[in-house]
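A short write-up of the structure that comes next.
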Amino acid sequence: MEIKNLSTAPLGDSLFIKPMEIRYTINGHERKWDYIECHNSVAIIIFNVSRRTLVCVKQFRPAVYVQNIPLQDRNGPIDLVKYPPNLGITVEFCAGIVDKNKSLREIAKEEVLEETGYDVSIENLHEIKVFKSNVGTAVDEIHLFYTEVDDSMKKGDGGGLEDEGEYIEVVELTLEEARQICEQTTTLNNYCGFLYGLLWFLHNKSAYFHQTCSQSSTLEN
């Protein structure tokens, strides 16, 4: 991945967000609130039962990158030597916006194949939670799914759609690495939905897979 010529500018027309102003009265006081209308999305927790790893994706997020730069240096061209692009690298679940006339599971299935290369069935995509990604300005819904895969379901390299500007690296987290991410107190480039999903998996699924692994070892011996 090579990042060049990164700069910021005022937003013009956008296909993805629409800034709005909300006016209302609360307890007799007139108020104004900035609001950004945007697409809902799906995110998928993927567990590879063959490798006993969580399948995630790593990518460059421009908004995360700019947010990590001091406010006084954010306007216009950005010094990529002073502020290297790895400031915008995130590890997250496979995800995508809901912008097609398809069911949520169909969109989730497509995203898993495009980003990670695994071909999952719609029936094995289980929705576990719907939550708001932000309750301040951009209030979109994230539909979080869970699915299990094995090595035989790997049909491609993943990596996203290059013609749409997606450059995604597939990464695998062990259960211990997932725990370490959740326990770290330092600032991370992880959104709250990713941390929630890791905690959900560790609370609801990891004990089962540890037990299965122990039983397999006992049988082999």
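Going by the structure tokens order, chains are called A, B, ..., each with residues numbered from 1, while ligands are numbered from 1 in the order shown.
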
Problem set entry | Those in segment 68-178 of chain A with strand (DSSP E or B) from DSSP, as an NGL selection string | :A and (76-77 or 89-92 or 94-97 or 118 or 126-132 or 141-149 or 154 or 169-173)

The selected residues should be written to file as an mmCIF file, in the first residue's frame (atoms: N, CA and C atoms).
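New file part_39.cif:
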data_model
loop_
_atom_site.group_PDB
_atom_site.id
_atom_site.type_symbol
_atom_site.label_atom_id
_atom_site.label_comp_id
_atom_site.auth_asym_id
_atom_site.auth_seq_id
_atom_site.Cartn_x
_atom_site.Cartn_y
_atom_site.Cartn_z
ATOM 1 N N GLY A 76 -5.425 21.379 4.350
ATOM 2 C CA GLY A 76 -4.640 21.348 3.115
ATOM 3 C C GLY A 76 -3.784 20.103 3.018
ATOM 4 N N PRO A 77 -2.675 20.182 2.276
ATOM 5 C CA PRO A 77 -1.784 19.018 2.114
ATOM 6 C C PRO A 77 -1.197 18.565 3.450
ATOM 7 N N ILE A 89 -4.058 3.127 9.926
ATOM 8 C CA ILE A 89 -4.315 1.697 9.735
ATOM 9 C C ILE A 89 -5.196 1.156 10.863
ATOM 10 N N THR A 90 -6.233 0.444 10.493
ATOM 11 C CA THR A 90 -7.130 -0.152 11.480
ATOM 12 C C THR A 90 -7.204 -1.663 11.284
ATOM 13 N N VAL A 91 -7.507 -2.372 12.346
ATOM 14 C CA VAL A 91 -7.886 -3.784 12.281
ATOM 15 C C VAL A 91 -9.341 -3.844 12.716
ATOM 16 N N GLU A 92 -10.185 -4.462 11.912
ATOM 17 C CA GLU A 92 -11.615 -4.452 12.187
ATOM 18 C C GLU A 92 -12.270 -5.697 11.598
ATOM 19 N N CYS A 94 -14.761 -7.635 8.976
ATOM 20 C CA CYS A 94 -15.264 -7.481 7.619
ATOM 21 C C CYS A 94 -16.595 -6.727 7.703
ATOM 22 N N ALA A 95 -16.776 -5.724 6.837
ATOM 23 C CA ALA A 95 -17.973 -4.891 6.943
ATOM 24 C C ALA A 95 -18.269 -4.208 5.612
ATOM 25 N N GLY A 96 -19.457 -3.642 5.513
ATOM 26 C CA GLY A 96 -19.830 -2.905 4.312
ATOM 27 C C GLY A 96 -21.113 -2.133 4.536
ATOM 28 N N ILE A 97 -21.303 -1.072 3.761
ATOM 29 C CA ILE A 97 -22.501 -0.261 3.920
ATOM 30 C C ILE A 97 -23.699 -0.929 3.229
ATOM 31 N N TYR A 118 -13.781 -15.945 1.792
ATOM 32 C CA TYR A 118 -14.561 -17.097 2.260
ATOM 33 C C TYR A 118 -15.978 -17.035 1.690
ATOM 34 N N HIS A 126 -25.550 -15.362 11.301
ATOM 35 C CA HIS A 126 -26.477 -15.181 12.420
ATOM 36 C C HIS A 126 -26.361 -13.758 12.956
ATOM 37 N N GLU A 127 -27.446 -13.001 12.883
ATOM 38 C CA GLU A 127 -27.418 -11.632 13.397
ATOM 39 C C GLU A 127 -27.493 -11.658 14.912
ATOM 40 N N ILE A 128 -26.534 -11.032 15.564
ATOM 41 C CA ILE A 128 -26.457 -11.095 17.021
ATOM 42 C C ILE A 128 -26.782 -9.774 17.715
ATOM 43 N N LYS A 129 -26.675 -8.659 16.979
ATOM 44 C CA LYS A 129 -26.943 -7.374 17.618
ATOM 45 C C LYS A 129 -27.100 -6.292 16.558
ATOM 46 N N VAL A 130 -27.994 -5.348 16.835
ATOM 47 C CA VAL A 130 -28.111 -4.130 16.046
ATOM 48 C C VAL A 130 -27.859 -2.965 17.001
ATOM 49 N N PHE A 131 -26.939 -2.077 16.659
ATOM 50 C CA PHE A 131 -26.647 -0.959 17.553
ATOM 51 C C PHE A 131 -26.278 0.286 16.758
ATOM 52 N N LYS A 132 -26.333 1.415 17.416
ATOM 53 C CA LYS A 132 -25.970 2.682 16.808
ATOM 54 C C LYS A 132 -24.456 2.862 16.896
ATOM 55 N N GLU A 141 -27.022 2.656 11.875
ATOM 56 C CA GLU A 141 -27.164 1.354 12.530
ATOM 57 C C GLU A 141 -26.143 0.373 11.970
ATOM 58 N N ILE A 142 -25.508 -0.389 12.852
ATOM 59 C CA ILE A 142 -24.630 -1.478 12.455
ATOM 60 C C ILE A 142 -25.322 -2.791 12.802
ATOM 61 N N HIS A 143 -25.472 -3.651 11.806
ATOM 62 C CA HIS A 143 -26.038 -4.984 12.010
ATOM 63 C C HIS A 143 -24.868 -5.959 12.122
ATOM 64 N N LEU A 144 -24.662 -6.492 13.316
ATOM 65 C CA LEU A 144 -23.510 -7.353 13.582
ATOM 66 C C LEU A 144 -23.903 -8.813 13.443
ATOM 67 N N PHE A 145 -23.178 -9.534 12.588
ATOM 68 C CA PHE A 145 -23.426 -10.944 12.332
ATOM 69 C C PHE A 145 -22.263 -11.785 12.843
ATOM 70 N N TYR A 146 -22.559 -13.082 13.032
ATOM 71 C CA TYR A 146 -21.528 -14.056 13.392
ATOM 72 C C TYR A 146 -21.614 -15.243 12.441
ATOM 73 N N THR A 147 -20.458 -15.731 11.982
ATOM 74 C CA THR A 147 -20.425 -16.919 11.148
ATOM 75 C C THR A 147 -19.149 -17.697 11.408
ATOM 76 N N GLU A 148 -19.191 -18.983 11.104
ATOM 77 C CA GLU A 148 -18.014 -19.834 11.230
ATOM 78 C C GLU A 148 -17.620 -20.364 9.860
ATOM 79 N N VAL A 149 -16.321 -20.431 9.630
ATOM 80 C CA VAL A 149 -15.793 -20.925 8.355
ATOM 81 C C VAL A 149 -14.713 -21.963 8.652
ATOM 82 N N LYS A 154 -12.480 -21.349 1.697
ATOM 83 C CA LYS A 154 -11.672 -20.257 1.143
ATOM 84 C C LYS A 154 -11.645 -20.387 -0.373
ATOM 85 N N GLU A 169 -6.169 -6.017 3.664
ATOM 86 C CA GLU A 169 -5.333 -7.173 4.020
ATOM 87 C C GLU A 169 -6.097 -8.046 5.012
ATOM 88 N N VAL A 170 -6.159 -9.335 4.733
ATOM 89 C CA VAL A 170 -6.817 -10.267 5.648
ATOM 90 C C VAL A 170 -5.841 -10.618 6.775
ATOM 91 N N VAL A 171 -6.302 -10.499 8.002
ATOM 92 C CA VAL A 171 -5.469 -10.832 9.163
ATOM 93 C C VAL A 171 -6.248 -11.782 10.066
ATOM 94 N N GLU A 172 -5.527 -12.613 10.787
ATOM 95 C CA GLU A 172 -6.157 -13.565 11.699
ATOM 96 C C GLU A 172 -5.679 -13.293 13.125
ATOM 97 N N LEU A 173 -6.613 -13.265 14.045
ATOM 98 C CA LEU A 173 -6.304 -13.043 15.455
ATOM 99 C C LEU A 173 -6.527 -14.331 16.234
#

Show me, as a tab-separated table, the residues of segment 37-93 of chain A having an atom within 7 Å of segment 13-24 of chain A, each with the closest atom pair and its distance in Å, using only C-alpha atoms.
residue	atom	partner	partner_atom	distance
A:Glu37	CA	A:Lys18	CA	4.9
A:Cys38	CA	A:Ile17	CA	4.6
A:His39	CA	A:Phe16	CA	6.7

Problem set entry | Residue neighbourhood Met153 of chain A, 10 Å, only C-alpha atoms, exclusion window fewer than 6 positions, as an MDAnalysis selection string | chainID A and resid 48 113 117:121

Exercise. For Thr8 of chain A, which of A:Lys100, A:Lys82, A:His203, A:Arg74 is the closest residue, counting only C-alpha atoms?
Worked result: A:Arg74

Exercise. So which residues of segment 26-208 of chain A fall under alpha helix (DSSP H) by DSSP, listed as number ranges by chain?
Worked result: A: 62-67, 104-116, 175-183, 192-204, 206-208

Exercise. Nearest to Ile107 of chain A among A:Ile44, A:Ser152, A:Pro84, A:Ile69, with distances taken over only C-alpha atoms: which residue is it?
Worked result: A:Ile44

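From atom CA of Ala43 of chain A back to atom CA of Lys102 of chain A, the distance works out to 15.3 Å.
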
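Here atom CA of Tyr167 of chain A and atom CA of Ile3 of chain A stand 11.2 Å from one another.
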
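Of note, atom CA of Ile168 of chain A and atom CA of Glu2 of chain A are spaced 12.6 Å apart.
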